[in-house]
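Listing of start.cif, mmCIF, C-alpha atoms
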```
data_query
#
loop_
_atom_site.label_atom_id
_atom_site.label_comp_id
_atom_site.auth_asym_id
_atom_site.auth_seq_id
_atom_site.Cartn_x
_atom_site.Cartn_y
_atom_site.Cartn_z
CA MET E 207 51.59 30.01 43.70
CA HIS E 208 48.70 32.12 42.55
CA LEU E 209 49.00 33.54 39.03
CA PRO E 210 46.76 36.17 37.51
CA SER E 211 44.28 34.59 35.11
CA SER E 212 45.81 36.31 32.09
CA VAL E 213 49.14 34.81 32.96
CA ALA E 214 47.55 31.40 33.49
CA ARG E 215 45.96 31.48 30.03
CA MET E 216 49.27 32.59 28.54
CA THR E 217 51.12 29.78 30.31
CA ALA E 218 48.58 27.21 29.10
CA ALA E 219 48.80 28.52 25.55
CA THR E 220 52.55 28.39 25.54
CA SER E 221 52.51 24.86 26.99
CA GLY E 222 50.28 23.73 24.07
CA ILE E 223 47.18 22.98 26.19
CA TRP E 224 44.05 24.99 25.56
CA ARG E 225 41.99 25.37 28.67
CA PRO E 226 38.65 26.98 27.91
CA ARG E 227 36.75 29.10 30.27
CA MET E 228 33.80 27.59 32.15
CA SER E 229 31.35 29.71 30.16
CA VAL E 230 32.66 28.28 26.88
CA LEU E 231 32.43 24.77 28.32
CA ARG E 232 28.82 25.37 29.30
CA ALA E 233 27.99 26.66 25.81
CA LEU E 234 29.63 23.64 24.17
CA SER E 235 27.77 21.26 26.45
CA GLY E 236 24.54 23.01 25.56
CA LEU E 237 25.27 22.70 21.85
CA LEU E 238 26.12 19.03 22.23
CA LEU E 239 22.90 18.38 24.09
CA ILE E 240 20.87 20.19 21.44
CA SER E 241 22.60 18.20 18.69
CA VAL E 242 21.90 14.91 20.43
CA LEU E 243 18.27 15.84 20.99
CA ALA E 244 17.91 16.93 17.38
CA ALA E 245 19.44 13.69 16.13
CA VAL E 246 17.09 11.68 18.34
CA ALA E 247 14.15 13.75 17.11
CA MET E 248 15.21 13.17 13.47
CA ALA E 249 15.94 9.48 13.94
CA ALA E 250 12.50 8.62 15.29
CA PRO E 251 10.50 9.52 12.12
CA ALA E 252 13.21 8.03 9.89
CA ASP E 253 13.02 4.78 11.81
CA ASP E 254 9.24 4.88 11.69
CA PHE E 255 9.43 5.29 7.93
CA LYS E 256 11.91 2.46 7.51
CA ALA E 257 9.66 0.12 9.49
CA ALA E 258 6.49 1.17 7.64
CA TYR E 259 8.21 0.95 4.26
CA ALA E 260 9.63 -2.49 4.97
CA LYS E 261 6.18 -3.81 5.87
CA ALA E 262 4.59 -2.26 2.79
CA GLU E 263 7.34 -3.49 0.51
CA ALA E 264 7.01 -7.04 1.83
CA ALA E 265 3.24 -7.02 1.26
CA SER E 266 3.71 -5.56 -2.22
CA LYS E 267 6.23 -8.28 -3.12
CA GLN E 268 3.84 -10.91 -1.88
CA SER E 269 1.03 -9.51 -4.06
CA ALA E 270 3.38 -9.45 -7.05
CA ALA E 271 4.30 -13.09 -6.48
CA LEU E 272 0.60 -13.95 -6.35
CA LYS E 273 0.04 -11.91 -9.56
CA THR E 274 -2.54 -9.76 -7.81
CA GLN E 275 -0.49 -6.59 -7.41
CA TRP E 276 -2.09 -3.23 -8.13
CA THR E 277 -0.31 -0.45 -9.99
CA THR E 278 -1.41 1.95 -7.25
CA THR E 279 0.56 -0.03 -4.66
CA VAL E 280 3.74 0.40 -6.67
CA ALA E 281 3.06 4.10 -7.27
CA THR E 282 2.31 4.77 -3.60
CA LEU E 283 5.46 2.98 -2.47
CA LYS E 284 7.45 5.08 -4.90
CA ALA E 285 5.84 8.26 -3.57
CA ALA E 286 6.64 7.21 0.00
CA LYS E 287 10.30 6.74 -0.89
CA ALA E 288 10.41 10.12 -2.62
CA ALA E 289 8.88 11.84 0.40
CA ALA E 290 11.44 10.20 2.71
CA ASP E 291 14.28 11.24 0.40
CA ALA E 292 13.00 14.80 0.67
CA GLY E 293 13.02 14.56 4.47
CA LYS E 294 9.21 14.62 4.73
CA PHE E 295 9.01 11.68 7.07
CA ASP E 296 5.47 12.18 8.33
CA GLU E 297 4.17 12.16 4.77
CA ALA E 298 6.43 9.22 3.91
CA VAL E 299 5.10 7.14 6.78
CA THR E 300 1.50 7.91 5.81
CA LEU E 301 2.18 6.89 2.21
CA ALA E 302 4.00 3.72 3.21
CA LYS E 303 1.09 2.71 5.40
CA GLU E 304 -1.30 3.44 2.55
CA ALA E 305 0.79 1.27 0.23
CA GLU E 306 0.64 -1.57 2.73
CA VAL E 307 -3.15 -1.31 2.90
CA LEU E 308 -3.35 -1.38 -0.91
CA ALA E 309 -1.08 -4.42 -1.09
CA GLU E 310 -3.08 -6.26 1.56
CA ALA E 311 -6.32 -5.42 -0.25
CA SER E 312 -4.98 -6.80 -3.53
CA ILE E 313 -3.91 -10.00 -1.78
CA ALA E 314 -7.39 -10.31 -0.26
CA GLN E 315 -8.91 -9.73 -3.70
CA GLY E 316 -6.86 -12.59 -5.14
CA ARG E 317 -7.92 -14.84 -2.27
CA ASP E 318 -11.60 -13.98 -2.75
CA GLU E 319 -11.41 -14.56 -6.48
CA GLN E 320 -10.06 -18.10 -6.15
CA GLY E 321 -12.93 -20.18 -7.45
CA ALA E 322 -15.33 -17.22 -7.61
CA TRP E 323 -14.56 -16.80 -11.32
CA LYS E 324 -16.31 -20.08 -12.07
CA ASP E 325 -19.65 -18.53 -11.16
CA ARG E 326 -19.18 -16.01 -13.98
CA VAL E 327 -18.50 -18.47 -16.78
CA ILE E 328 -21.10 -18.23 -19.53
CA ARG E 329 -23.25 -21.35 -19.43
CA MET K 81 -34.00 -49.39 8.21
CA LEU K 82 -33.78 -45.71 9.13
CA ARG K 83 -30.16 -45.65 8.01
CA LYS K 84 -31.13 -47.17 4.63
CA LEU K 85 -33.85 -44.58 4.13
CA LEU K 86 -31.44 -41.79 4.97
CA PHE K 87 -28.86 -43.15 2.54
CA LEU K 88 -31.47 -43.44 -0.24
CA SER K 89 -32.69 -39.88 0.40
CA VAL K 90 -29.16 -38.54 0.14
CA MET K 91 -28.53 -40.44 -3.09
CA MET K 92 -31.79 -39.20 -4.63
CA LEU K 93 -31.00 -35.61 -3.68
CA ALA K 94 -27.56 -35.94 -5.21
CA ALA K 95 -29.07 -37.28 -8.42
CA VAL K 96 -31.55 -34.46 -8.89
CA ARG K 97 -29.45 -31.55 -7.58
CA PRO K 98 -29.16 -28.66 -9.99
CA ALA K 99 -25.81 -28.19 -11.69
CA LEU K 100 -23.63 -26.28 -9.32
CA ALA K 101 -22.18 -23.03 -10.58
CA ALA K 102 -18.71 -24.35 -9.95
CA ASP K 103 -19.16 -27.27 -12.35
CA LEU K 104 -17.53 -26.41 -15.65
CA ALA K 105 -18.68 -27.81 -18.96
CA ASP K 106 -16.25 -29.13 -21.54
CA PRO K 107 -14.75 -26.58 -23.97
CA LYS K 108 -17.12 -27.52 -26.81
CA ALA K 109 -20.19 -26.86 -24.65
CA GLU K 110 -18.63 -23.65 -23.35
CA PHE K 111 -17.91 -22.54 -26.92
CA LYS K 112 -21.57 -23.00 -27.84
CA ALA K 113 -22.81 -21.21 -24.71
CA PHE K 114 -20.36 -18.33 -25.31
CA ARG K 115 -21.49 -17.83 -28.89
CA ASP K 116 -25.19 -18.20 -28.00
CA TYR K 117 -24.83 -15.57 -25.29
CA PHE K 118 -23.62 -12.94 -27.75
CA THR K 119 -25.85 -13.85 -30.67
CA SER K 120 -28.97 -13.82 -28.50
CA ARG K 121 -27.95 -10.59 -26.75
CA PHE K 122 -27.18 -8.86 -30.05
CA PRO K 123 -29.61 -10.55 -32.47
CA LYS K 124 -29.21 -7.86 -35.15
CA VAL K 125 -25.45 -8.35 -35.42
CA PRO K 126 -24.52 -10.92 -38.09
CA LEU K 127 -22.24 -13.58 -36.61
CA ASP K 128 -19.21 -12.72 -38.77
CA ASP K 129 -19.56 -9.05 -37.90
CA PHE K 130 -18.53 -9.65 -34.27
CA VAL K 131 -14.91 -9.67 -35.46
CA ASN K 132 -15.27 -5.95 -36.09
CA GLY K 133 -15.50 -5.32 -32.36
CA PRO K 134 -16.98 -1.94 -31.37
CA TYR K 135 -18.06 -1.24 -34.96
CA SER K 136 -20.50 -4.13 -34.77
CA MET K 137 -22.09 -2.50 -31.73
CA ASP K 138 -22.41 1.17 -32.72
CA GLU K 139 -23.70 2.53 -36.03
CA GLY K 140 -22.04 5.95 -35.75
CA LEU K 141 -18.69 4.43 -34.93
CA ARG K 142 -19.10 2.01 -37.81
CA LYS K 143 -19.53 4.85 -40.29
CA GLN K 144 -16.37 6.52 -39.02
CA TRP K 145 -14.48 3.25 -39.34
CA GLN K 146 -15.68 2.72 -42.90
CA GLU K 147 -14.25 6.12 -43.77
CA ILE K 148 -10.99 5.23 -42.01
CA GLU K 149 -10.75 2.02 -44.01
CA GLU K 150 -10.50 4.08 -47.21
CA PHE K 151 -6.93 4.83 -46.13
CA PRO K 152 -6.23 2.24 -43.45
CA PRO K 153 -3.75 3.40 -40.81
CA TYR K 154 -2.30 -0.13 -40.55
CA GLU K 155 -1.29 -0.17 -44.22
CA PHE K 156 2.26 1.00 -43.52
CA ALA K 157 2.69 -1.81 -41.01
CA VAL K 158 1.50 -4.39 -43.57
CA ASP K 159 3.99 -3.09 -46.16
CA LYS K 160 6.83 -3.04 -43.65
CA GLY K 161 5.91 -6.53 -42.45
CA LYS K 162 5.89 -7.84 -46.00
CA GLU K 163 9.40 -6.51 -46.59
CA MET K 164 10.66 -7.88 -43.29
CA PHE K 165 9.08 -11.24 -43.96
CA ALA K 166 10.87 -11.62 -47.29
CA LYS K 167 14.26 -10.34 -46.14
CA PRO K 168 16.65 -13.22 -45.38
CA PHE K 169 18.30 -13.56 -41.97
CA ALA K 170 22.09 -13.45 -41.77
CA ASN K 171 22.14 -17.21 -42.33
CA GLY K 172 20.15 -16.87 -45.55
CA LYS K 173 16.93 -18.36 -44.24
CA THR K 174 13.65 -16.43 -43.91
CA TYR K 175 10.57 -16.47 -41.71
CA ALA K 176 8.88 -18.59 -44.35
CA ASP K 177 11.23 -21.45 -43.42
CA CYS K 178 9.80 -21.54 -39.88
CA PHE K 179 6.11 -21.80 -40.69
CA PRO K 180 3.71 -24.13 -42.47
CA ASN K 181 2.73 -22.94 -45.96
CA GLY K 182 5.63 -20.51 -45.88
CA GLY K 183 3.79 -18.47 -43.24
CA ILE K 184 1.13 -17.31 -45.70
CA GLY K 185 -2.54 -17.59 -44.72
CA ILE K 186 -1.95 -19.33 -41.39
CA ARG K 187 -3.07 -16.77 -38.80
CA GLN K 188 -6.32 -18.67 -38.19
CA ASN K 189 -4.40 -21.57 -36.65
CA TYR K 190 -2.72 -19.46 -33.96
CA PRO K 191 -2.35 -19.85 -31.07
CA TYR K 192 -1.98 -23.61 -30.91
CA PHE K 193 -1.09 -25.99 -28.13
CA ASP K 194 2.29 -27.58 -28.76
CA THR K 195 2.23 -31.10 -27.33
CA LYS K 196 6.03 -31.33 -27.56
CA SER K 197 6.80 -28.36 -25.35
CA GLY K 198 3.51 -28.57 -23.45
CA GLN K 199 2.66 -24.91 -23.92
CA VAL K 200 0.59 -22.52 -25.96
CA ILE K 201 2.44 -21.08 -28.94
CA THR K 202 1.16 -17.75 -30.16
CA LEU K 203 2.11 -16.20 -33.48
CA GLU K 204 4.23 -13.59 -31.67
CA LEU K 205 6.10 -16.25 -29.73
CA ALA K 206 6.57 -18.38 -32.85
CA LEU K 207 8.05 -15.40 -34.70
CA ASN K 208 10.60 -14.71 -31.97
CA GLN K 209 11.41 -18.43 -31.70
CA CYS K 210 12.04 -18.37 -35.45
CA ARG K 211 14.37 -15.42 -35.09
CA GLU K 212 16.33 -16.98 -32.26
CA GLN K 213 16.60 -20.33 -34.04
CA ASN K 214 18.19 -18.45 -36.90
CA GLY K 215 20.64 -16.51 -34.78
CA GLU K 216 18.68 -13.25 -34.68
CA LYS K 217 17.75 -11.20 -31.64
CA PRO K 218 14.09 -11.38 -30.56
CA PHE K 219 11.83 -8.38 -31.14
CA SER K 220 9.85 -6.52 -28.50
CA TYR K 221 6.49 -8.26 -28.24
CA THR K 222 4.35 -5.18 -28.02
CA LYS K 223 4.71 -3.03 -31.15
CA ASP K 224 6.87 -1.86 -34.08
CA ASP K 225 8.59 -4.78 -35.84
CA MET K 226 6.51 -7.48 -34.16
CA ALA K 227 3.30 -5.62 -34.95
CA ALA K 228 4.41 -5.19 -38.58
CA LEU K 229 5.19 -8.88 -39.03
CA THR K 230 1.96 -10.07 -37.44
CA ALA K 231 0.00 -7.44 -39.41
CA TYR K 232 1.36 -8.84 -42.66
CA MET K 233 0.69 -12.44 -41.63
CA ALA K 234 -2.86 -11.58 -40.56
CA PHE K 235 -3.40 -9.70 -43.81
CA THR K 236 -2.50 -12.79 -45.83
CA SER K 237 -5.05 -14.76 -43.79
CA ARG K 238 -8.01 -12.41 -44.01
CA GLY K 239 -11.31 -14.21 -44.36
CA LYS K 240 -9.92 -17.56 -43.24
CA ARG K 241 -11.85 -18.98 -40.32
CA PHE K 242 -10.28 -19.57 -36.95
CA ASP K 243 -9.66 -23.21 -36.23
CA ILE K 244 -8.09 -23.51 -32.79
CA LYS K 245 -7.83 -27.04 -31.51
CA ILE K 246 -7.60 -28.44 -28.01
CA PRO K 247 -5.69 -31.68 -28.46
CA ASP K 248 -6.41 -34.71 -26.32
CA ASP K 249 -3.76 -33.77 -23.81
CA PRO K 250 -4.54 -32.84 -20.20
CA ARG K 251 -1.97 -30.05 -20.42
CA ALA K 252 -3.90 -28.47 -23.30
CA LEU K 253 -7.12 -28.52 -21.31
CA ALA K 254 -5.24 -27.12 -18.31
CA ALA K 255 -3.96 -24.24 -20.47
CA TYR K 256 -7.49 -23.57 -21.70
CA ARG K 257 -8.78 -23.55 -18.11
CA LYS K 258 -6.02 -21.22 -16.92
CA GLY K 259 -6.88 -18.81 -19.73
CA GLU K 260 -10.54 -19.07 -18.87
CA GLU K 261 -9.80 -18.41 -15.19
CA TYR K 262 -7.73 -15.34 -16.05
CA PHE K 263 -10.48 -14.04 -18.32
CA TYR K 264 -13.18 -14.26 -15.64
CA THR K 265 -11.06 -13.27 -12.61
CA ARG K 266 -11.44 -9.77 -11.24
CA ARG K 267 -8.18 -7.88 -10.72
CA GLY K 268 -6.72 -4.44 -10.22
CA GLN K 269 -7.87 -1.71 -7.87
CA LEU K 270 -10.94 -1.20 -10.06
CA ASN K 271 -11.87 -4.86 -9.50
CA PHE K 272 -12.58 -5.63 -13.16
CA SER K 273 -12.16 -8.89 -15.02
CA CYS K 274 -11.72 -9.08 -18.79
CA ALA K 275 -15.32 -10.32 -18.81
CA SER K 276 -16.55 -7.28 -16.85
CA CYS K 277 -15.91 -5.14 -19.92
CA HIS K 278 -16.12 -7.56 -22.82
CA VAL K 279 -18.99 -9.81 -21.67
CA GLN K 280 -21.20 -8.01 -19.15
CA SER K 281 -20.61 -4.53 -20.62
CA ALA K 282 -20.05 -5.33 -24.30
CA GLY K 283 -21.55 -2.61 -26.47
CA ASN K 284 -21.72 -0.14 -23.58
CA HIS K 285 -19.73 3.05 -23.45
CA ILE K 286 -16.81 3.47 -21.12
CA ARG K 287 -16.14 7.19 -21.38
CA THR K 288 -16.03 7.77 -25.14
CA GLU K 289 -15.19 4.19 -26.08
CA VAL K 290 -17.57 1.42 -27.06
CA LEU K 291 -16.57 -1.85 -25.45
CA ALA K 292 -15.95 -4.66 -27.92
CA PRO K 293 -17.69 -8.00 -27.43
CA ALA K 294 -15.42 -10.86 -26.36
CA LEU K 295 -16.75 -12.98 -29.20
CA GLY K 296 -14.26 -12.61 -32.06
CA ILE K 297 -12.15 -10.11 -30.15
CA MET K 298 -8.86 -11.71 -31.23
CA ALA K 299 -9.72 -11.72 -34.94
CA ALA K 300 -8.53 -8.19 -35.69
CA MET K 301 -5.15 -8.40 -33.99
CA PRO K 302 -2.75 -6.69 -34.38
CA ILE K 303 -4.47 -3.32 -34.40
CA TYR K 304 -3.75 0.30 -35.10
CA ARG K 305 -5.17 2.24 -32.18
CA SER K 306 -5.73 5.94 -32.47
CA GLU K 307 -5.22 6.11 -28.71
CA TRP K 308 -1.71 4.68 -29.17
CA SER K 309 -1.04 6.60 -32.39
CA GLY K 310 0.42 3.38 -33.67
CA MET K 311 0.23 -0.36 -34.01
CA GLY K 312 -0.02 -2.76 -31.11
CA THR K 313 0.05 -6.50 -30.75
CA THR K 314 -2.09 -8.81 -28.64
CA SER K 315 0.58 -8.48 -25.93
CA ARG K 316 0.17 -4.72 -25.95
CA ARG K 317 -3.60 -5.03 -25.76
CA PHE K 318 -3.47 -7.37 -22.76
CA THR K 319 -0.93 -5.30 -20.82
CA SER K 320 -2.81 -2.06 -21.45
CA CYS K 321 -6.12 -3.68 -20.41
CA ASN K 322 -4.51 -4.71 -17.13
CA SER K 323 -3.06 -1.24 -16.55
CA GLN K 324 -6.41 0.39 -17.24
CA VAL K 325 -7.98 -1.48 -14.32
CA ARG K 326 -4.89 -0.66 -12.20
CA ALA K 327 -3.52 -4.18 -12.16
CA THR K 328 0.21 -4.67 -12.60
CA PRO K 329 0.50 -6.25 -16.06
CA LEU K 330 2.29 -9.55 -16.60
CA PRO K 331 5.35 -9.60 -18.84
CA PRO K 332 4.34 -9.74 -22.53
CA GLN K 333 3.87 -13.34 -23.68
CA ASP K 334 3.73 -14.56 -20.09
CA GLU K 335 2.33 -18.09 -20.02
CA LEU K 336 -0.96 -16.80 -18.57
CA TYR K 337 -1.40 -14.24 -21.33
CA ARG K 338 -0.82 -16.95 -23.91
CA ASP K 339 -3.41 -19.12 -22.17
CA VAL K 340 -5.94 -16.25 -22.27
CA GLU K 341 -5.29 -15.83 -25.98
CA TYR K 342 -5.78 -19.59 -26.44
CA PHE K 343 -9.10 -19.55 -24.58
CA LEU K 344 -10.40 -16.41 -26.29
CA THR K 345 -9.39 -17.42 -29.79
CA TYR K 346 -10.97 -20.84 -29.28
CA MET K 347 -14.20 -19.05 -28.32
CA GLY K 348 -14.01 -17.26 -31.67
CA ASN K 349 -13.57 -20.45 -33.70
CA GLY K 350 -15.36 -20.35 -37.04
CA LEU K 351 -15.15 -16.56 -37.29
CA PRO K 352 -13.03 -14.99 -40.02
CA VAL K 353 -9.63 -13.37 -39.56
CA SER K 354 -10.13 -9.60 -39.96
CA GLY K 355 -6.71 -8.36 -38.88
CA PRO K 356 -4.94 -6.13 -38.98
CA GLY K 357 -7.60 -3.84 -37.60
CA ALA K 358 -8.11 -0.19 -36.76
CA ARG K 359 -9.59 0.80 -33.44
CA PRO K 360 -10.31 4.15 -31.75
#
```
Any chance you could put this one into structure tokens?
Amino acid sequence: MHLPSSVARMTAATSGIWRPRMSVLRALSGLLLISVLAAVAMAAPADDFKAAYAKAEAASKQSAALKTQWTTTVATLKAAKAAADAGKFDEAVTLAKEAEVLAEASIAQGRDEQGAWKDRVIR
Amino acid sequence: MLRKLLFLSVMMLAAVRPALAADLADPKAEFKAFRDYFTSRFPKVPLDDFVNGPYSMDEGLRKQWQEIEEFPPYEFAVDKGKEMFAKPFANGKTYADCFPNGGIGIRQNYPYFDTKSGQVITLELALNQCREQNGEKPFSYTKDDMAALTAYMAFTSRGKRFDIKIPDDPRALAAYRKGEEYFYTRRGQLNFSCASCHVQSAGNHIRTEVLAPALGIMAAMPIYRSEWSGMGTTSRRFTSCNSQVRATPLPPQDELYRDVEYFLTYMGNGLPVSGPGARP
């Protein structure tokens, strides 16, 4: 039996099942796709930051354990975290990488200084 | 035959080789070399005057300091410390019960190496140990109450000559060496050691400040620093020095800091206590 569309919608509504039009379905699909793409786009920098921060934090902890940590490493790590909290992931990644470089440099300094101090003792 | 000649050559070379830089002399020889370095570099400065730090290096600064000493900014701390020192703990005992000679005129013997505990005991540490042994909470090591107490104890010791001993105990020598290592090791993003400022650059300006010579540098502690607008202990001085070269400071009274104080005060043996002091 062929029912007019208005009747079909009315029948569906009265039976408790909402059947959207194809155009609405298309719009919803589009929205869903955009949302997924946006989430993927957001997740990539956030993940990059997490990875960069973890590496920097590990190097900073190592320098602290060796008693060679620099105050600038701690400050840069803090700034990286603040940038990430504000959603500025590109800046946060850059700062985290900078903190890692600072931590590695302080570790290298400690390594170079082992024994070197003896050459400076007043004789 | 050739092997014997080779062996002899090696032995002769070893015998006449110059002293390697890495070979360290014993503390007594290092003490003499340390003092000779400063007295020959600053021949016009009387030996005892090194305890006055930057004022021994700069005439203009010295005149300002002499004016400041008319109304010394550390005087309030000395008065407060005197009151605190006499006030009994809750158990009725006082600080005097914890120290030789009732704590009066003993600054020149601190820090010392305690052979029982195997560590360096500074005056600040001894004061907090005294408090805890008597059921009191320890003070912050950096300023306020601790600075007041040490200011009073230094004041009662003024003029007495430092007499830091390194007992015949390998742990004492190890503590001295650790302090020495810390003193000469470069650290922080600015890549400075304590010696960079207070040996190589002593007497030079760093911005508006005149760098104090390392010889006798512990004699004026604790100090009132205009920069701090208040008193500070040796712990405060060490932590702020580290921060200034962008190195993360150690906790106050960390074993390494105590070892540095041991090494540096030993280097100033024979010089008079001048604390508490006033510094820019």
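For chain E, the residues within 7 Å of chain K are Thr274, Gln275, Trp276, Thr277, Thr278, Glu319, Trp323, Lys324, Asp325, Arg326, Val327, Ile328 and Arg329 of chain E, with only C-alpha atoms used to measure distance.
The gap separating CA of Gly183 in chain K from CA of Gly133 in chain K is 25.8 Å, in Å to one decimal.
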To one decimal place, how far is CA of Ile286 in chain K from CA of Lys273 in chain E in Å?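 Between CA of Ile286 in chain K and CA of Lys273 in chain E the gap works out to 25.6 Å.
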With a distance cut-off of 6 Å and all atoms listed in the file, select the neighbouring residues of range 336-342 of chain K, excluding the residue or stretch itself and same-chain residues fewer than 3 positions from it, and output the selection as a JSON list (two decimals) with C-alpha atoms, keeping the file's coordinate frame.
```json
[["chain", "number", "residue", "atom", "x", "y", "z"],
["K", 191, "PRO", "CA", -2.35, -19.85, -31.07],
["K", 255, "ALA", "CA", -3.96, -24.24, -20.47],
["K", 259, "GLY", "CA", -6.88, -18.81, -19.73],
["K", 333, "GLN", "CA", 3.87, -13.34, -23.68],
["K", 345, "THR", "CA", -9.39, -17.42, -29.79]]
```
Run the PyMOL selection byres ((chain E and resi 288) around 12) mentally over the shown coordinates, then write out the matched residues as a ChimeraX atom specification, using the chain letters and numbers from the document. /E:255,259,281-287,289-295,297-299,301-302
Output the selection as a PDB file, in the coordinates of the input - C-alpha atoms for each residue.
```pdb
ATOM      1  CA  PHE E 255       9.430   5.290   7.930  1.00  0.00           C
ATOM      2  CA  TYR E 259       8.210   0.950   4.260  1.00  0.00           C
ATOM      3  CA  ALA E 281       3.060   4.100  -7.270  1.00  0.00           C
ATOM      4  CA  THR E 282       2.310   4.770  -3.600  1.00  0.00           C
ATOM      5  CA  LEU E 283       5.460   2.980  -2.470  1.00  0.00           C
ATOM      6  CA  LYS E 284       7.450   5.080  -4.900  1.00  0.00           C
ATOM      7  CA  ALA E 285       5.840   8.260  -3.570  1.00  0.00           C
ATOM      8  CA  ALA E 286       6.640   7.210   0.000  1.00  0.00           C
ATOM      9  CA  LYS E 287      10.300   6.740  -0.890  1.00  0.00           C
ATOM     10  CA  ALA E 289       8.880  11.840   0.400  1.00  0.00           C
ATOM     11  CA  ALA E 290      11.440  10.200   2.710  1.00  0.00           C
ATOM     12  CA  ASP E 291      14.280  11.240   0.400  1.00  0.00           C
ATOM     13  CA  ALA E 292      13.000  14.800   0.670  1.00  0.00           C
ATOM     14  CA  GLY E 293      13.020  14.560   4.470  1.00  0.00           C
ATOM     15  CA  LYS E 294       9.210  14.620   4.730  1.00  0.00           C
ATOM     16  CA  PHE E 295       9.010  11.680   7.070  1.00  0.00           C
ATOM     17  CA  GLU E 297       4.170  12.160   4.770  1.00  0.00           C
ATOM     18  CA  ALA E 298       6.430   9.220   3.910  1.00  0.00           C
ATOM     19  CA  VAL E 299       5.100   7.140   6.780  1.00  0.00           C
ATOM     20  CA  LEU E 301       2.180   6.890   2.210  1.00  0.00           C
ATOM     21  CA  ALA E 302       4.000   3.720   3.210  1.00  0.00           C
TER      22      ALA E 302
END
```
Let me have the centre and edge lengths in Å, one decimal, of the box along x, y and z around every listed atom of range 132-141 of chain K with 5 Å of margin on each side, as JSON.
```
{"center_x": -19.5, "center_y": 0.0, "center_z": -33.7, "size_x": 18.4, "size_y": 21.9, "size_z": 14.7}
```
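Non-sequential neighbours of Tyr175 in chain K (distance at most 10 Å, separation of 4 or more positions within a chain, all atoms listed in the file) are Met164, Phe165, Ala166, Lys167, Pro168, Phe169, Phe179, Gly182, Gly183, Ala206, Leu207, Asn208, Cys210, Arg211, Asn214 and Leu229 of chain K.
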Please write as a PyMOL selection string the full residue list that the PyMOL selection byres ((chain K and resi 235-249) around 10) yields on this file. chain K and resi 107-108+128+155+158+161-162+183-195+198+229-234+250-256+296+298-300+302+342-357
Please provide the set of residues having any atom within 8 Å of range 260-263 of chain E, restricted to all atoms listed in the file, with same-chain residues fewer than 5 positions apart removed, written as an MDAnalysis selection string. chainID E and resid 283 302:303 305:307 309
What separation in Å, quoted to one decimal, exists between CA of Asn181 in chain K and CA of Thr202 in chain K? 16.7 Å
Running the PyMOL selection byres ((chain K and resi 153) around 10) on this model by hand, what would come out? Give it as a compact mmCIF listing (two decimals) with C-alpha atoms, keeping the file's coordinate frame.
```txt
# COMPACT_ATOMS: atom_id res chain seq x y z
CA ILE K 148 -10.99 5.23 -42.01
CA GLU K 149 -10.75 2.02 -44.01
CA GLU K 150 -10.50 4.08 -47.21
CA PHE K 151 -6.93 4.83 -46.13
CA PRO K 152 -6.23 2.24 -43.45
CA TYR K 154 -2.30 -0.13 -40.55
CA GLU K 155 -1.29 -0.17 -44.22
CA PHE K 156 2.26 1.00 -43.52
CA ALA K 157 2.69 -1.81 -41.01
CA VAL K 158 1.50 -4.39 -43.57
CA ILE K 303 -4.47 -3.32 -34.40
CA TYR K 304 -3.75 0.30 -35.10
CA ARG K 305 -5.17 2.24 -32.18
CA SER K 306 -5.73 5.94 -32.47
CA SER K 309 -1.04 6.60 -32.39
CA GLY K 310 0.42 3.38 -33.67
CA MET K 311 0.23 -0.36 -34.01
CA PRO K 356 -4.94 -6.13 -38.98
CA GLY K 357 -7.60 -3.84 -37.60
CA ALA K 358 -8.11 -0.19 -36.76
CA ARG K 359 -9.59 0.80 -33.44
```
